[in-house]
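K.L.:
Sharing a structure below in structure tokens format, with a few things to ask.
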Amino acid sequence: MINLSLPDGSIRSFEKPVSGAELAASIGPGLAKSALAVKIDGEMRDLGRPIERDAKVSIVTSRDPDALELLRHDAAHVLAQAVQELYPGTQITFGPATENGFYYDFARAEPFTPEDFDKIEKRMAEIVDRDLPIEREVWDRAKLKKFFVDHGESFKAEWSEELPGNEEITVYRQGTWQDMCKGPHLPSTGKLGKAFKLMRVSGAYWRGDAKNAQLQRIYGTIFFSDKELKAYLTQLEEAEKRDHRRIAKEMALFHQQEEAAGMVFWHPKGWQLWRTLEAFLRKRLDDGGYVEVKTPQLVDRRLWEASGHWEKFRENMYISENEDGLRDYIANPAERVFALKPMNCPCHVQIFNQGLKSYRDLPLRLAEFGSCHRFEPAGALHGILRVRNFTQDDAHIFCTEKQIEAETIKFCDLLRGIYRDLGFPDFFVKFSDRPPVRAGSDAVWDQAESSLRDASKAAGIDLILNPGEGAFYGPKLEFVLRDAIGRDWQCGTLQVDFVVPGRLGASYVGEDGARHVPVMLHRAIFGSMERMIGILIEHYAGRFPLWMAPTQAVVCTIVSDADGYAKEVEAALVEAGLRVETDLRNEKINYKVREHSLAKTPALLAVGNRDVEARTVSIRRLGSDKQETLALADAVHRLKEEARAPQ
């Protein structure tokens with residue numbers, strides 16, 4: 001007898017193994033029709049596979065959060081089938097689901113172009129209409145390789161040779177087309193629907209290595225309904241309008257160039273935006289009991305080896321190359337080699353290690369706006385959202401294990417307030433547990449994960465499991481913001497580290513008089529200054545709230561006779577602490593208004609002859625055709641109050 005526990009707490013018993021499809025049918029015809037897959041003790045499996053043991057079971061439908069990834073994986077297979085039907089001789093490689101859709105990599109002599117997409121989409125729709133059963137088969141390794149060799153699939157043949165010997169090899173067949181895949185998949189191509197769209201084509205390399213053959217990657221997206229697809233495409237159109245690189249050019253914030261790929265040249269207005277946000281955050285950190293530090297950029301590799309970062313991050317580190325550095329190290333590994341720091345944590349431990357620490361000194365919260373360098377692949381760089389030189393709003397809290405809960409609550413309260421004041425009232429939190437390759441014993445990881453879960457619960461944080469994505473030294477919380485057009489951005493983090501402090505010799509004297517290793521909480525709120533500024537530019541589409549805007553107001557003259565008064569207005573605003581410019585050009589006021597509106601200036605103050613006589617200004621807000629005339633003193637007072645940074 002096989003007993004299957006359902007999500008509602010009921011148990012269904014069967015005398016012999018039963019498939020997910022049969023289980024769904026036994027519950028009701030509606031569920032049988034909408035079923036896409038089955039979860040067995042949390043593992044997603046094909047609907048047709050038999051369930052042979054007692055288990056907790058749930059039927060996956062389009063309402064299940066995991067269903068979209070399943071749909072997108074199948075869309076990649078249907079794309080590959082359509083391409084091979086239309087373009088014989090094209091070889092297939094890999095095609096996974098992605099965060100926003102799917103892609104498939106192809107080997108073909110002739111390039112694909114966006115003009116091919118309509119033809120491919122029509123063939124994909126035909127495959128959906130065929131409603132082909134998607135069937136799982138277990139193949140022998142020799143048979144698999146022979147099949148791919150016989151069919152001219154050299155990439156798949158190569159990959160089949162490298163699969164672990166003890167691994168079950170599965171092939172999924174839909175009609176006459178098949179692909180090596182672990183699955184799971186939908187019951188048939190008809191379940192895919194037609195709410196899909198091919199988006200773009202780009203180059204890729206076999207197995208991600210530039211030394212290997214170049215492939216062509218076709219990207220697409222798919223949803224369960226046309227409504228969701230249209231909403232996503234609308235979001236993409238809006239995102240293009242909000243692209244931080246385009247807006248930064250309009251506002252003269254920064255630029256980037258090949259001579260410093262992945263780095264940023266900040267212009268005066270962009271640096272003013274940076275300084276405003278840094279001052280805003282620094283004030284919150286000061287109020288939160290943090291002490292600010294500054295650590296070196298260039299640090300001996302031996303520190304990175306001791307912390308474990310050298311093994312993990314070596315390929316992304318910038319290494320010193322001088323007479324006594326890398327060249328001598330190659331000849332003699334005992335020579336000293338330095339690396340630009342990719343993160344701040346080992347350096348903060350060095351500050352903690354200076355002088356004897358007592359339990360009375362804990363918690364100790366060390367903060368740094370630390371400039372870091374990581375050699376990111378060129379293809380991963382994206383404006384200031386993904387760069388090679390970035391400044392982390394980093395901090396490390398050294399505490400006892402008993403203090404983890406209180407420090408987590410304190411940090412989450414700080415983070416909530418900052419996100420709210422930046423214009424992000426909503427966020428969600430992922431809990432990332434132990435990765436496959438990690439430092440520390442399983443017992444240490446059990447302790448760290450338990451401590452972070454309990455602390456999150458005490459802080460009122462609901463967690464979404466993100467399995468296997470923790471740091472190599474400990475589990476972490478990832479705080480994900482949602483912007484004005486519904487996109488998610490992972491920014492803040494809180495990581496519990498029982499490993500690195502001990503590896504670097506950190507200790508404190510406990511109440512018992514003995515030495516103990518402190519727990520180190522790695523935490524950030526922005527993540528990096530560059531990334532947060534890029535997100536804010538796109539979130540506000542450059543129309544920053546007054547307190548944040550690089551230029552808060554521009555005084556524009558209507559006639560040259562008002563030039564002297566305009567300077568008085570500017571002086572009064574500057575004295576009140578506002579960032580102001582004056583436009584005295586001999587241009588029509590409508591031209592000035594249009595130009596400064598394109599530059600996203602929040603407030604335009606127009607002055608003419610009447611204003612000179614009456615000591616008034618006419619204020620026009622960004623995005624509004626209306627203007628309000630106020631006495632100069634009243635206008636200055638109002639703008640001063642609006643320009644205060646949130647406290």
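Just so we're on the same page: first chain in the structure tokens is A, next is B, and so on; residues restart at 1 for each chain, and ligands are numbered from 1 in the order they show up.
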Just list as a VMD selection string whatever in range 538-627 of chain A DSSP marks as strand (DSSP E).

P.N.:
chain A and resid 553 to 557 580 to 583 603 to 607 616 to 621 627

K.L.:
Env of Gln256 in chain A: 9 Å cut, atoms = only C-alpha atoms, seq-sep filter 4 positions within chain, self excluded. Answer as a PyMOL selection string.

P.N.:
chain A and resi 260-266+383-384

K.L.:
Restricting it to N, CA and C atoms, dump the selection as a PDB file, in the first residue's frame.

P.N.:
```
ATOM      1  N   ALA A 260      38.577  52.403 -19.724  1.00  0.00           N
ATOM      2  CA  ALA A 260      38.363  51.974 -18.330  1.00  0.00           C
ATOM      3  C   ALA A 260      37.067  51.161 -18.294  1.00  0.00           C
ATOM      4  N   ALA A 261      37.057  50.070 -19.058  1.00  0.00           N
ATOM      5  CA  ALA A 261      35.837  49.261 -19.187  1.00  0.00           C
ATOM      6  C   ALA A 261      35.352  48.780 -17.826  1.00  0.00           C
ATOM      7  N   GLY A 262      34.063  48.958 -17.591  1.00  0.00           N
ATOM      8  CA  GLY A 262      33.483  48.534 -16.325  1.00  0.00           C
ATOM      9  C   GLY A 262      33.716  49.504 -15.190  1.00  0.00           C
ATOM     10  N   MET A 263      34.198  50.695 -15.487  1.00  0.00           N
ATOM     11  CA  MET A 263      34.444  51.727 -14.475  1.00  0.00           C
ATOM     12  C   MET A 263      33.632  52.975 -14.848  1.00  0.00           C
ATOM     13  N   VAL A 264      33.572  53.925 -13.935  1.00  0.00           N
ATOM     14  CA  VAL A 264      32.671  55.065 -14.110  1.00  0.00           C
ATOM     15  C   VAL A 264      33.430  56.377 -13.980  1.00  0.00           C
ATOM     16  N   PHE A 265      33.183  57.295 -14.920  1.00  0.00           N
ATOM     17  CA  PHE A 265      33.658  58.674 -14.829  1.00  0.00           C
ATOM     18  C   PHE A 265      32.478  59.520 -14.342  1.00  0.00           C
ATOM     19  N   TRP A 266      32.527  59.923 -13.081  1.00  0.00           N
ATOM     20  CA  TRP A 266      31.420  60.694 -12.506  1.00  0.00           C
ATOM     21  C   TRP A 266      31.578  62.172 -12.840  1.00  0.00           C
ATOM     22  N   GLY A 383      26.231  49.131 -17.904  1.00  0.00           N
ATOM     23  CA  GLY A 383      26.153  50.471 -17.327  1.00  0.00           C
ATOM     24  C   GLY A 383      26.816  50.500 -15.968  1.00  0.00           C
ATOM     25  N   ILE A 384      26.135  51.122 -14.996  1.00  0.00           N
ATOM     26  CA  ILE A 384      26.664  51.134 -13.627  1.00  0.00           C
ATOM     27  C   ILE A 384      25.967  50.094 -12.752  1.00  0.00           C
TER      28      ILE A 384
END
```

K.L.:
What parts of range 11-260 of chain A does DSSP call helix (DSSP H, G or I)? I'd like the answer as a PyMOL selection string.

P.N.:
chain A and resi 20-27+29-34+67-86+114-130+141-150+154-161+189-192+206-208+226-241+244-251+258-260

K.L.:
Identify, on the basis of only C-alpha atoms, every residue whose closest approach to Lys592 in chain A does not exceed 12 Å; exclude the query and any residue fewer than 2 positions from it along the same chain; express the result as a ChimeraX atom specification.

P.N.:
/A:554-558,582-590,594-599,601,604-606,620

K.L.:
Save the residues we just selected, N, CA and C atoms, as a PDB file, in the first residue's frame?

P.N.:
```pdb
ATOM      1  N   VAL A 554      16.393  75.626 -10.731  1.00  0.00           N
ATOM      2  CA  VAL A 554      17.043  76.547 -11.660  1.00  0.00           C
ATOM      3  C   VAL A 554      16.226  77.832 -11.696  1.00  0.00           C
ATOM      4  N   VAL A 555      16.905  78.956 -11.514  1.00  0.00           N
ATOM      5  CA  VAL A 555      16.248  80.265 -11.605  1.00  0.00           C
ATOM      6  C   VAL A 555      16.410  80.750 -13.049  1.00  0.00           C
ATOM      7  N   CYS A 556      15.296  80.954 -13.748  1.00  0.00           N
ATOM      8  CA  CYS A 556      15.311  81.344 -15.159  1.00  0.00           C
ATOM      9  C   CYS A 556      14.763  82.770 -15.304  1.00  0.00           C
ATOM     10  N   THR A 557      15.484  83.588 -16.029  1.00  0.00           N
ATOM     11  CA  THR A 557      14.984  84.942 -16.275  1.00  0.00           C
ATOM     12  C   THR A 557      14.095  84.962 -17.514  1.00  0.00           C
ATOM     13  N   ILE A 558      13.036  85.759 -17.421  1.00  0.00           N
ATOM     14  CA  ILE A 558      12.148  85.956 -18.571  1.00  0.00           C
ATOM     15  C   ILE A 558      12.676  87.092 -19.434  1.00  0.00           C
ATOM     16  N   THR A 582      21.483  79.230 -12.141  1.00  0.00           N
ATOM     17  CA  THR A 582      20.764  80.372 -12.711  1.00  0.00           C
ATOM     18  C   THR A 582      20.960  80.378 -14.220  1.00  0.00           C
ATOM     19  N   ASP A 583      19.858  80.549 -14.949  1.00  0.00           N
ATOM     20  CA  ASP A 583      19.900  80.587 -16.410  1.00  0.00           C
ATOM     21  C   ASP A 583      19.582  82.007 -16.876  1.00  0.00           C
ATOM     22  N   LEU A 584      20.635  82.759 -17.225  1.00  0.00           N
ATOM     23  CA  LEU A 584      20.470  84.155 -17.649  1.00  0.00           C
ATOM     24  C   LEU A 584      20.579  84.303 -19.166  1.00  0.00           C
ATOM     25  N   ARG A 585      20.535  83.207 -19.889  1.00  0.00           N
ATOM     26  CA  ARG A 585      20.722  83.281 -21.340  1.00  0.00           C
ATOM     27  C   ARG A 585      19.622  84.093 -22.009  1.00  0.00           C
ATOM     28  N   ASN A 586      19.955  84.665 -23.114  1.00  0.00           N
ATOM     29  CA  ASN A 586      18.997  85.459 -23.886  1.00  0.00           C
ATOM     30  C   ASN A 586      18.154  84.529 -24.762  1.00  0.00           C
ATOM     31  N   GLU A 587      17.362  83.694 -24.089  1.00  0.00           N
ATOM     32  CA  GLU A 587      16.480  82.744 -24.773  1.00  0.00           C
ATOM     33  C   GLU A 587      15.068  82.926 -24.232  1.00  0.00           C
ATOM     34  N   LYS A 588      14.078  82.487 -25.011  1.00  0.00           N
ATOM     35  CA  LYS A 588      12.698  82.552 -24.554  1.00  0.00           C
ATOM     36  C   LYS A 588      12.495  81.625 -23.365  1.00  0.00           C
ATOM     37  N   ILE A 589      11.591  82.013 -22.480  1.00  0.00           N
ATOM     38  CA  ILE A 589      11.373  81.245 -21.261  1.00  0.00           C
ATOM     39  C   ILE A 589      10.887  79.834 -21.568  1.00  0.00           C
ATOM     40  N   ASN A 590      10.075  79.670 -22.628  1.00  0.00           N
ATOM     41  CA  ASN A 590       9.594  78.324 -22.980  1.00  0.00           C
ATOM     42  C   ASN A 590      10.750  77.407 -23.381  1.00  0.00           C
ATOM     43  N   ARG A 594      11.745  74.006 -21.342  1.00  0.00           N
ATOM     44  CA  ARG A 594      11.844  72.719 -22.028  1.00  0.00           C
ATOM     45  C   ARG A 594      13.213  72.078 -21.789  1.00  0.00           C
ATOM     46  N   GLU A 595      14.264  72.873 -21.886  1.00  0.00           N
ATOM     47  CA  GLU A 595      15.615  72.338 -21.734  1.00  0.00           C
ATOM     48  C   GLU A 595      15.863  71.823 -20.325  1.00  0.00           C
ATOM     49  N   HIS A 596      15.445  72.581 -19.326  1.00  0.00           N
ATOM     50  CA  HIS A 596      15.676  72.154 -17.941  1.00  0.00           C
ATOM     51  C   HIS A 596      14.730  71.029 -17.529  1.00  0.00           C
ATOM     52  N   SER A 597      13.600  70.928 -18.188  1.00  0.00           N
ATOM     53  CA  SER A 597      12.705  69.797 -17.945  1.00  0.00           C
ATOM     54  C   SER A 597      13.325  68.511 -18.478  1.00  0.00           C
ATOM     55  N   LEU A 598      13.962  68.580 -19.646  1.00  0.00           N
ATOM     56  CA  LEU A 598      14.655  67.409 -20.189  1.00  0.00           C
ATOM     57  C   LEU A 598      15.791  66.978 -19.278  1.00  0.00           C
ATOM     58  N   ALA A 599      16.393  67.937 -18.587  1.00  0.00           N
ATOM     59  CA  ALA A 599      17.466  67.634 -17.633  1.00  0.00           C
ATOM     60  C   ALA A 599      16.917  67.193 -16.278  1.00  0.00           C
ATOM     61  N   THR A 601      15.156  68.740 -13.919  1.00  0.00           N
ATOM     62  CA  THR A 601      15.250  69.646 -12.766  1.00  0.00           C
ATOM     63  C   THR A 601      13.895  69.708 -12.066  1.00  0.00           C
ATOM     64  N   LEU A 604      11.563  74.829 -11.310  1.00  0.00           N
ATOM     65  CA  LEU A 604      12.015  75.955 -12.126  1.00  0.00           C
ATOM     66  C   LEU A 604      11.384  77.225 -11.588  1.00  0.00           C
ATOM     67  N   LEU A 605      12.219  78.198 -11.306  1.00  0.00           N
ATOM     68  CA  LEU A 605      11.738  79.465 -10.760  1.00  0.00           C
ATOM     69  C   LEU A 605      11.918  80.542 -11.827  1.00  0.00           C
ATOM     70  N   ALA A 606      10.818  81.018 -12.382  1.00  0.00           N
ATOM     71  CA  ALA A 606      10.870  82.048 -13.419  1.00  0.00           C
ATOM     72  C   ALA A 606      10.704  83.423 -12.784  1.00  0.00           C
ATOM     73  N   ARG A 620       7.452  76.433 -11.209  1.00  0.00           N
ATOM     74  CA  ARG A 620       6.871  75.387 -12.051  1.00  0.00           C
ATOM     75  C   ARG A 620       7.554  74.067 -11.689  1.00  0.00           C
TER      76      ARG A 620
END
```

K.L.:
Which residues are close to range 8-23 of chain A, i.e. within 8 Å by only C-alpha atoms, leaving aside same-chain residues fewer than 3 positions away? Reply as an NGL selection string.

P.N.:
:A and (1-5 or 26-27 or 32 or 35 or 37-38 or 46-53 or 59)

K.L.:
What does the file look like for those residues with N, CA and C atoms, as a tab-separated table (two decimals), in the first residue's frame?

P.N.:
```tsv
chain	number	residue	atom	x	y	z
A	1	MET	N	0.84	-1.20	0.00
A	1	MET	CA	0.00	0.00	0.00
A	1	MET	C	0.89	1.26	0.00
A	2	ILE	N	0.56	2.18	-0.90
A	2	ILE	CA	1.31	3.44	-0.99
A	2	ILE	C	0.41	4.56	-0.49
A	3	ASN	N	0.89	5.30	0.53
A	3	ASN	CA	0.11	6.38	1.13
A	3	ASN	C	0.69	7.73	0.71
A	4	LEU	N	-0.15	8.55	0.08
A	4	LEU	CA	0.29	9.85	-0.42
A	4	LEU	C	-0.42	10.96	0.35
A	5	SER	N	0.39	11.81	1.03
A	5	SER	CA	-0.15	12.92	1.82
A	5	SER	C	-0.30	14.14	0.94
A	26	SER	N	-7.71	11.13	-9.82
A	26	SER	CA	-8.45	10.58	-8.68
A	26	SER	C	-9.00	11.68	-7.78
A	27	ILE	N	-8.39	12.84	-7.83
A	27	ILE	CA	-8.85	13.97	-7.01
A	27	ILE	C	-10.00	14.69	-7.69
A	32	ALA	N	-7.12	17.24	-13.00
A	32	ALA	CA	-6.48	16.42	-14.03
A	32	ALA	C	-6.21	17.23	-15.29
A	35	ALA	N	-3.34	19.94	-14.46
A	35	ALA	CA	-2.08	19.45	-13.91
A	35	ALA	C	-0.95	19.57	-14.93
A	37	ALA	N	2.65	19.05	-13.58
A	37	ALA	CA	3.73	18.22	-13.02
A	37	ALA	C	3.30	17.81	-11.62
A	38	VAL	N	4.18	17.10	-10.93
A	38	VAL	CA	3.88	16.67	-9.57
A	38	VAL	C	5.11	16.89	-8.71
A	46	ASP	N	8.02	14.70	-13.57
A	46	ASP	CA	7.04	14.59	-14.66
A	46	ASP	C	5.75	13.99	-14.15
A	47	LEU	N	4.66	14.42	-14.74
A	47	LEU	CA	3.33	13.95	-14.34
A	47	LEU	C	3.17	12.46	-14.61
A	48	GLY	N	3.87	11.94	-15.62
A	48	GLY	CA	3.69	10.54	-16.00
A	48	GLY	C	4.55	9.56	-15.22
A	49	ARG	N	5.49	10.03	-14.41
A	49	ARG	CA	6.37	9.11	-13.68
A	49	ARG	C	5.65	8.49	-12.49
A	50	PRO	N	5.88	7.20	-12.25
A	50	PRO	CA	5.18	6.54	-11.14
A	50	PRO	C	5.71	6.97	-9.78
A	51	ILE	N	4.81	7.04	-8.82
A	51	ILE	CA	5.18	7.31	-7.43
A	51	ILE	C	5.16	5.96	-6.73
A	52	GLU	N	6.31	5.52	-6.24
A	52	GLU	CA	6.46	4.13	-5.78
A	52	GLU	C	6.60	3.99	-4.27
A	53	ARG	N	6.48	5.10	-3.54
A	53	ARG	CA	6.67	5.03	-2.09
A	53	ARG	C	5.77	6.05	-1.40
A	59	ILE	N	0.10	18.45	-6.61
A	59	ILE	CA	-0.01	18.58	-8.06
A	59	ILE	C	0.32	20.02	-8.46
```

K.L.:
Excluding range 506-521 of chain A and residues on its chain fewer than 6 positions from it, collect all residues at most 10 Å away from it, counting only C-alpha atoms, and give them as a PyMOL selection string.

P.N.:
chain A and resi 345+349-365+395-404+407-408+448+474+476+493-500

K.L.:
Output C-alpha atoms of each residue in that selection to a file, as a PDB file, in the first residue's frame.

P.N.:
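Done, and the output landed in selection.pdb:
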```pdb
ATOM      1  CA  CYS A 345      35.596  41.657   5.109  1.00  0.00           C
ATOM      2  CA  VAL A 349      38.872  41.526  10.723  1.00  0.00           C
ATOM      3  CA  GLN A 350      42.374  43.038  10.776  1.00  0.00           C
ATOM      4  CA  ILE A 351      40.977  46.153  12.478  1.00  0.00           C
ATOM      5  CA  PHE A 352      39.075  43.999  14.970  1.00  0.00           C
ATOM      6  CA  ASN A 353      42.301  42.113  15.742  1.00  0.00           C
ATOM      7  CA  GLN A 354      44.138  45.260  16.865  1.00  0.00           C
ATOM      8  CA  GLY A 355      44.133  45.210  20.654  1.00  0.00           C
ATOM      9  CA  LEU A 356      42.456  42.850  23.076  1.00  0.00           C
ATOM     10  CA  LYS A 357      38.673  42.698  22.794  1.00  0.00           C
ATOM     11  CA  SER A 358      36.245  41.809  25.554  1.00  0.00           C
ATOM     12  CA  TYR A 359      32.644  40.641  25.409  1.00  0.00           C
ATOM     13  CA  ARG A 360      31.847  44.133  26.737  1.00  0.00           C
ATOM     14  CA  ASP A 361      33.099  45.589  23.402  1.00  0.00           C
ATOM     15  CA  LEU A 362      30.520  43.598  21.451  1.00  0.00           C
ATOM     16  CA  PRO A 363      28.658  44.149  19.285  1.00  0.00           C
ATOM     17  CA  LEU A 364      31.212  46.145  17.319  1.00  0.00           C
ATOM     18  CA  ARG A 365      29.793  47.525  14.056  1.00  0.00           C
ATOM     19  CA  ALA A 395      29.686  46.800   7.329  1.00  0.00           C
ATOM     20  CA  HIS A 396      30.654  43.909   9.554  1.00  0.00           C
ATOM     21  CA  ILE A 397      29.133  43.365  12.949  1.00  0.00           C
ATOM     22  CA  PHE A 398      31.304  41.405  15.376  1.00  0.00           C
ATOM     23  CA  CYS A 399      29.090  39.875  18.044  1.00  0.00           C
ATOM     24  CA  THR A 400      28.420  36.860  20.209  1.00  0.00           C
ATOM     25  CA  GLU A 401      26.103  34.106  19.074  1.00  0.00           C
ATOM     26  CA  LYS A 402      23.479  35.312  21.577  1.00  0.00           C
ATOM     27  CA  GLN A 403      23.546  38.772  19.969  1.00  0.00           C
ATOM     28  CA  ILE A 404      22.694  37.543  16.436  1.00  0.00           C
ATOM     29  CA  GLU A 407      21.499  42.591  15.682  1.00  0.00           C
ATOM     30  CA  THR A 408      19.327  41.080  12.948  1.00  0.00           C
ATOM     31  CA  ALA A 448      24.591  29.289  11.377  1.00  0.00           C
ATOM     32  CA  GLY A 474      27.754  31.139   5.724  1.00  0.00           C
ATOM     33  CA  LYS A 476      22.577  34.803   3.944  1.00  0.00           C
ATOM     34  CA  THR A 493      22.261  41.331   2.325  1.00  0.00           C
ATOM     35  CA  LEU A 494      22.854  39.928   5.797  1.00  0.00           C
ATOM     36  CA  GLN A 495      25.240  36.976   6.162  1.00  0.00           C
ATOM     37  CA  VAL A 496      26.059  34.959   9.268  1.00  0.00           C
ATOM     38  CA  ASP A 497      29.719  33.912   9.323  1.00  0.00           C
ATOM     39  CA  PHE A 498      31.066  31.422  11.861  1.00  0.00           C
ATOM     40  CA  VAL A 499      34.107  30.628   9.664  1.00  0.00           C
ATOM     41  CA  VAL A 500      36.227  33.566   8.464  1.00  0.00           C
TER      42      VAL A 500
END
```

K.L.:
Pick out the closest residue to Pro475 in chain A from this set: A:Arg246, A:Arg284, A:Arg438, A:Lys457. Count only C-alpha atoms.

P.N.:
A:Arg438

K.L.:
From the options A:Asp286, A:Glu292, A:Glu121, A:Asp243, which residue's atoms come nearest to Gly220 in chain A, counting only C-alpha atoms?

P.N.:
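Smallest distance to Gly220 in chain A is found for A:Glu121.
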
K.L.:
Residues at most 7 Å from range 180-188 of chain A, counting only C-alpha atoms, excluding those fewer than 4 positions away in the same chain, as JSON, numbers by chain?

P.N.:
{"A": [36, 37, 44, 45, 46, 47, 70, 74, 131, 132, 133, 134, 170, 171, 172]}

K.L.:
Between CA of Ser225 in chain A and CA of Gln84 in chain A, what is the spacing in Å?

P.N.:
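Answer for the CA of Gln84 in chain A to CA of Ser225 in chain A separation: 26.3 Å.
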
K.L.:
CA of Leu86 in chain A to CA of Phe106 in chain A: how many Å, to one decimal?

P.N.:
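CA of Phe106 in chain A lies at a distance of 13.0 Å from CA of Leu86 in chain A.
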
K.L.:
Residues at most 12 Å from Ala109 in chain A, counting only C-alpha atoms, excluding those fewer than 6 positions away in the same chain, as an mmCIF file with N, CA and C atoms, in the first residue's frame?

P.N.:
```cif
data_model
loop_
_atom_site.group_PDB
_atom_site.id
_atom_site.type_symbol
_atom_site.label_atom_id
_atom_site.label_comp_id
_atom_site.auth_asym_id
_atom_site.auth_seq_id
_atom_site.Cartn_x
_atom_site.Cartn_y
_atom_site.Cartn_z
ATOM 1 N N TYR A 87 15.521 24.619 -40.253
ATOM 2 C CA TYR A 87 16.887 24.802 -40.744
ATOM 3 C C TYR A 87 17.672 23.507 -40.530
ATOM 4 N N PRO A 88 17.450 22.496 -41.366
ATOM 5 C CA PRO A 88 18.155 21.211 -41.229
ATOM 6 C C PRO A 88 19.668 21.417 -41.211
ATOM 7 N N GLY A 89 20.339 20.627 -40.391
ATOM 8 C CA GLY A 89 21.784 20.749 -40.256
ATOM 9 C C GLY A 89 22.210 21.595 -39.077
ATOM 10 N N THR A 90 21.274 22.321 -38.477
ATOM 11 C CA THR A 90 21.579 23.104 -37.273
ATOM 12 C C THR A 90 21.781 22.153 -36.095
ATOM 13 N N GLN A 91 22.855 22.359 -35.355
ATOM 14 C CA GLN A 91 23.113 21.523 -34.178
ATOM 15 C C GLN A 91 22.578 22.199 -32.918
ATOM 16 N N ALA A 213 34.096 26.791 -29.880
ATOM 17 C CA ALA A 213 33.309 27.209 -31.043
ATOM 18 C C ALA A 213 32.276 28.257 -30.652
ATOM 19 N N GLN A 214 32.039 29.197 -31.561
ATOM 20 C CA GLN A 214 31.027 30.218 -31.320
ATOM 21 C C GLN A 214 29.663 29.690 -31.735
ATOM 22 N N LEU A 215 28.681 29.970 -30.916
ATOM 23 C CA LEU A 215 27.302 29.534 -31.133
ATOM 24 C C LEU A 215 26.411 30.750 -31.305
ATOM 25 N N GLN A 216 25.142 30.486 -31.644
ATOM 26 C CA GLN A 216 24.147 31.554 -31.729
ATOM 27 C C GLN A 216 23.066 31.281 -30.692
#
```

K.L.:
For Lys283 in chain A, which residue out of A:Ala82, A:Leu477, A:Leu414, A:Leu381 is the nearest one, using only C-alpha atoms?

P.N.:
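Residue with the minimum atom-to-atom distance to Lys283 in chain A: A:Leu414.
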
K.L.:
What separation in Å, quoted to one decimal, exists between CA of Ile218 in chain A and CA of Trp489 in chain A?

P.N.:
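CA of Ile218 in chain A sits 24.5 Å away from CA of Trp489 in chain A.
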